[in-house]
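**Q** model_4.pdb (PDB, C-alpha atoms) pasted underneath:
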ATOM      1  CA  PRO A 298      67.707  16.059   2.144
ATOM      2  CA  GLN A 299      71.100  15.916   3.676
ATOM      3  CA  PRO A 300      72.491  12.450   4.417
ATOM      4  CA  ASP A 301      73.372  13.533   7.948
ATOM      5  CA  GLN A 302      69.780  14.335   8.978
ATOM      6  CA  PRO A 303      67.380  11.506   9.860
ATOM      7  CA  VAL A 304      64.065  11.247   8.042
ATOM      8  CA  VAL A 305      61.126  12.055  10.313
ATOM      9  CA  PRO A 306      58.067   9.941   9.445
ATOM     10  CA  TRP A 307      54.738  11.695   9.004
ATOM     11  CA  LYS A 308      52.321  11.356  11.895
ATOM     12  CA  PRO A 309      48.598  12.068  11.613
ATOM     13  CA  PRO A 310      47.179  14.847  13.765
ATOM     14  CA  VAL A 311      46.135  13.783  17.240
ATOM     15  CA  ASN A 312      42.608  15.254  17.035
ATOM     16  CA  ASP A 313      41.657  14.117  13.527
ATOM     17  CA  HIS A 314      37.875  14.536  13.136
ATOM     18  CA  PHE A 315      37.615  11.800  10.517
ATOM     19  CA  GLN A 316      39.297   9.250  12.768
ATOM     20  CA  GLN A 317      37.042  10.255  15.662
ATOM     21  CA  LEU A 318      33.978   9.803  13.445
ATOM     22  CA  ALA A 319      35.186   6.401  12.229
ATOM     23  CA  ALA A 320      35.832   5.289  15.807
ATOM     24  CA  ALA A 321      32.382   6.485  16.909
ATOM     25  CA  GLN A 322      30.730   4.606  14.046
ATOM     26  CA  ALA A 323      32.679   1.456  14.826
ATOM     27  CA  ALA A 324      31.633   1.638  18.492
ATOM     28  CA  ALA A 325      27.973   2.391  17.696
ATOM     29  CA  ARG A 326      25.357  -0.304  17.968
ATOM     30  CA  PRO A 327      21.959  -0.408  16.293
ATOM     31  CA  ALA A 328      18.934   0.421  18.393
ATOM     32  CA  ALA A 329      17.056  -2.300  20.209
ATOM     33  CA  LEU A 330      14.558  -4.371  18.256
ATOM     34  CA  GLY A 331      11.549  -2.697  19.896
ATOM     35  CA  LYS A 332      12.757   0.801  19.026
ATOM     36  CA  ARG A 333      13.491  -0.226  15.453
ATOM     37  CA  PHE A 334      10.023  -1.781  15.146
ATOM     38  CA  ALA A 335       8.397   1.376  16.539
ATOM     39  CA  ALA A 336      10.367   3.503  14.072
ATOM     40  CA  ARG A 337       9.221   1.250  11.225
ATOM     41  CA  LEU A 338       5.596   1.620  12.362
ATOM     42  CA  ILE A 339       5.929   5.411  12.483
ATOM     43  CA  ASP A 340       7.505   5.479   9.008
ATOM     44  CA  THR A 341       4.715   3.278   7.658
ATOM     45  CA  ALA A 342       2.022   5.442   9.259
ATOM     46  CA  VAL A 343       3.528   8.631   7.801
ATOM     47  CA  LEU A 344       3.812   7.044   4.360
ATOM     48  CA  ALA A 345       0.231   5.732   4.540
ATOM     49  CA  ALA A 346      -1.080   9.156   5.579
ATOM     50  CA  LEU A 347       0.741  10.941   2.753
ATOM     51  CA  VAL A 348      -0.274   8.417   0.118
ATOM     52  CA  GLY A 349      -3.828   8.352   1.502
ATOM     53  CA  ALA A 350      -4.061  12.129   1.199
ATOM     54  CA  ILE A 351      -3.181  11.780  -2.475
ATOM     55  CA  ALA A 352      -4.945   8.487  -3.194
ATOM     56  CA  VAL A 353      -8.388   9.217  -1.716
ATOM     57  CA  PRO A 354      -9.249  12.083  -4.101
ATOM     58  CA  LEU A 355      -7.805  10.149  -7.039
ATOM     59  CA  ALA A 356      -9.662   6.968  -6.054
ATOM     60  CA  THR A 357     -12.980   8.791  -5.809
ATOM     61  CA  ARG A 358     -12.374  10.371  -9.213
ATOM     62  CA  ALA A 359     -11.468   6.945 -10.606
ATOM     63  CA  ALA A 360     -14.629   5.385  -9.161
ATOM     64  CA  ASP A 361     -16.766   8.169 -10.636
ATOM     65  CA  HIS A 362     -15.004   7.770 -13.980
ATOM     66  CA  ILE A 363     -15.564   4.002 -14.013
ATOM     67  CA  ASN A 364     -19.222   4.400 -13.057
ATOM     68  CA  GLU A 365     -19.702   6.912 -15.893
ATOM     69  CA  LYS A 366     -18.150   4.484 -18.376
ATOM     70  CA  ILE A 367     -20.329   1.634 -17.092
ATOM     71  CA  ASP A 368     -23.456   3.780 -17.344
ATOM     72  CA  ALA A 369     -22.491   4.827 -20.870
ATOM     73  CA  ALA A 370     -21.839   1.203 -21.902
ATOM     74  CA  ARG A 371     -24.956  -0.235 -20.257
ATOM     75  CA  PRO A 372     -27.371   0.485 -23.180
ATOM     76  CA  ALA A 373     -24.984  -1.120 -25.665
ATOM     77  CA  VAL A 374     -24.658  -4.229 -23.499
ATOM     78  CA  VAL A 375     -28.426  -4.542 -23.080
ATOM     79  CA  GLU A 376     -29.004  -4.430 -26.864
ATOM     80  CA  SER A 377     -26.453  -7.119 -27.673
ATOM     81  CA  SER A 378     -25.486  -9.361 -24.808
ATOM     82  CA  SER A 379     -22.549 -10.823 -26.731
ATOM     83  CA  GLN A 380     -20.630  -7.533 -26.769
ATOM     84  CA  THR A 381     -17.769  -7.116 -24.317
ATOM     85  CA  VAL A 382     -17.126  -3.669 -22.872
ATOM     86  CA  THR A 383     -13.827  -2.997 -21.104
ATOM     87  CA  VAL A 384     -13.730  -0.320 -18.428
ATOM     88  CA  SER A 385     -10.434   0.709 -16.859
ATOM     89  CA  PRO A 386      -9.444   3.501 -14.441
ATOM     90  CA  ASP A 387      -7.024   4.904 -17.029
ATOM     91  CA  SER A 388      -4.148   6.843 -15.533
ATOM     92  CA  LEU A 389      -5.649   7.522 -12.099
ATOM     93  CA  ALA A 390      -4.553   4.178 -10.674
ATOM     94  CA  ALA A 391      -1.093   4.728 -12.110
ATOM     95  CA  ALA A 392      -0.976   8.129 -10.400
ATOM     96  CA  VAL A 393      -1.709   6.501  -7.046
ATOM     97  CA  LEU A 394       1.069   3.947  -7.573
ATOM     98  CA  VAL A 395       3.519   6.644  -8.653
ATOM     99  CA  ALA A 396       2.631   8.713  -5.580
ATOM    100  CA  PHE A 397       3.224   5.687  -3.360
ATOM    101  CA  LEU A 398       6.592   4.932  -4.927
ATOM    102  CA  VAL A 399       7.817   8.542  -4.984
ATOM    103  CA  LEU A 400       6.784   9.230  -1.393
ATOM    104  CA  GLY A 401       8.253   5.903  -0.286
ATOM    105  CA  VAL A 402      11.597   6.777  -1.840
ATOM    106  CA  LEU A 403      11.539  10.293  -0.409
ATOM    107  CA  LEU A 404      10.654   9.033   3.045
TER     108      LEU A 404
END
Take the structure in the file and give it back as structure tokens.

**A**
Amino acid sequence: PQPDQPVVPWKPPVNDHFQQLAAAQAAARPAALGKRFAARLIDTAVLAALVGAIAVPLATRAADHINEKIDAARPAVVESSSQTVTVSPDSLAAAVLVAFLVLGVLL
């Protein structure tokens, strides 16, 4: 730079898209409470429908599985009433919980 010439400061462009976006976000307001509540209800209904579509077949399989284990353990319990038999749904209940969590995160 020559000492005789003044330094011109840098000016941002007039139509900067990032500044327009920041200004629009700063001016934006959240939706009214009723609209936000309705959106929450819709989100919950969609999540419940998706998880229900996965959980109902798994829950029926789990119930059948538990009933089979109970029926298989019933003769042993009748012979000795002091014996404890534990029946659990194994991994089917975990699959329902995983489906709920994964779909909830994705939604």

**Q** Just checking: using only C-alpha atoms, which residue out of A:Ile363, A:Val311, A:Val402, A:Ala396 ends up closest to A:Ala350?

**A**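 Ranked by minimum distance to A:Ala350, first place goes to A:Ala396.
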
**Q** What would the selection look like, as a PDB file with C-alpha atoms, in the frame of the given file, if the PyMOL selection byres ((chain A and resi 347) around 12) were run on the coordinates I just shared?

**A**
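What landed in expr-v5.pdb:
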ATOM      1  CA  ASP A 340       7.505   5.479   9.008  1.00  0.00           C
ATOM      2  CA  THR A 341       4.715   3.278   7.658  1.00  0.00           C
ATOM      3  CA  ALA A 342       2.022   5.442   9.259  1.00  0.00           C
ATOM      4  CA  VAL A 343       3.528   8.631   7.801  1.00  0.00           C
ATOM      5  CA  LEU A 344       3.812   7.044   4.360  1.00  0.00           C
ATOM      6  CA  ALA A 345       0.231   5.732   4.540  1.00  0.00           C
ATOM      7  CA  ALA A 346      -1.080   9.156   5.579  1.00  0.00           C
ATOM      8  CA  VAL A 348      -0.274   8.417   0.118  1.00  0.00           C
ATOM      9  CA  GLY A 349      -3.828   8.352   1.502  1.00  0.00           C
ATOM     10  CA  ALA A 350      -4.061  12.129   1.199  1.00  0.00           C
ATOM     11  CA  ILE A 351      -3.181  11.780  -2.475  1.00  0.00           C
ATOM     12  CA  ALA A 352      -4.945   8.487  -3.194  1.00  0.00           C
ATOM     13  CA  VAL A 353      -8.388   9.217  -1.716  1.00  0.00           C
ATOM     14  CA  VAL A 393      -1.709   6.501  -7.046  1.00  0.00           C
ATOM     15  CA  ALA A 396       2.631   8.713  -5.580  1.00  0.00           C
ATOM     16  CA  PHE A 397       3.224   5.687  -3.360  1.00  0.00           C
ATOM     17  CA  LEU A 398       6.592   4.932  -4.927  1.00  0.00           C
ATOM     18  CA  VAL A 399       7.817   8.542  -4.984  1.00  0.00           C
ATOM     19  CA  LEU A 400       6.784   9.230  -1.393  1.00  0.00           C
ATOM     20  CA  GLY A 401       8.253   5.903  -0.286  1.00  0.00           C
ATOM     21  CA  LEU A 403      11.539  10.293  -0.409  1.00  0.00           C
ATOM     22  CA  LEU A 404      10.654   9.033   3.045  1.00  0.00           C
TER      23      LEU A 404
END

**Q** Measuring atom to atom with only C-alpha atoms, identify which of A:Leu389, A:Ala323, A:Val305, A:Leu338 is nearest to A:Ala360.

**A**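 Closest to A:Ala360 of all the choices is A:Leu389.
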
**Q** Between atom CA of A:Ala356 and atom CA of A:Arg337, what is the distance, to one decimal in Å?

**A**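 Between these atoms lies a distance of 26.2 Å.
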
**Q** Quick one: distance from atom CA of A:Phe315 to atom CA of A:Pro303 in Å, one decimal?

**A**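 Taking atom CA of A:Phe315 and atom CA of A:Pro303, their separation equals 29.8 Å.
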
**Q** What is the atom CA of A:Ala325-atom CA of A:Lys308 distance in Å, reported with one decimal?

**A**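 About the pair atom CA of A:Ala325 and atom CA of A:Lys308: they are 26.6 Å apart.
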
**Q** If you apply the PyMOL selection byres ((chain A and resi 359) around 9) to this file, what residues do you get, as JSON, numbers by chain?

**A** {"A": [354, 355, 356, 357, 358, 360, 361, 362, 363, 364, 385, 386, 387, 388, 389, 390]}
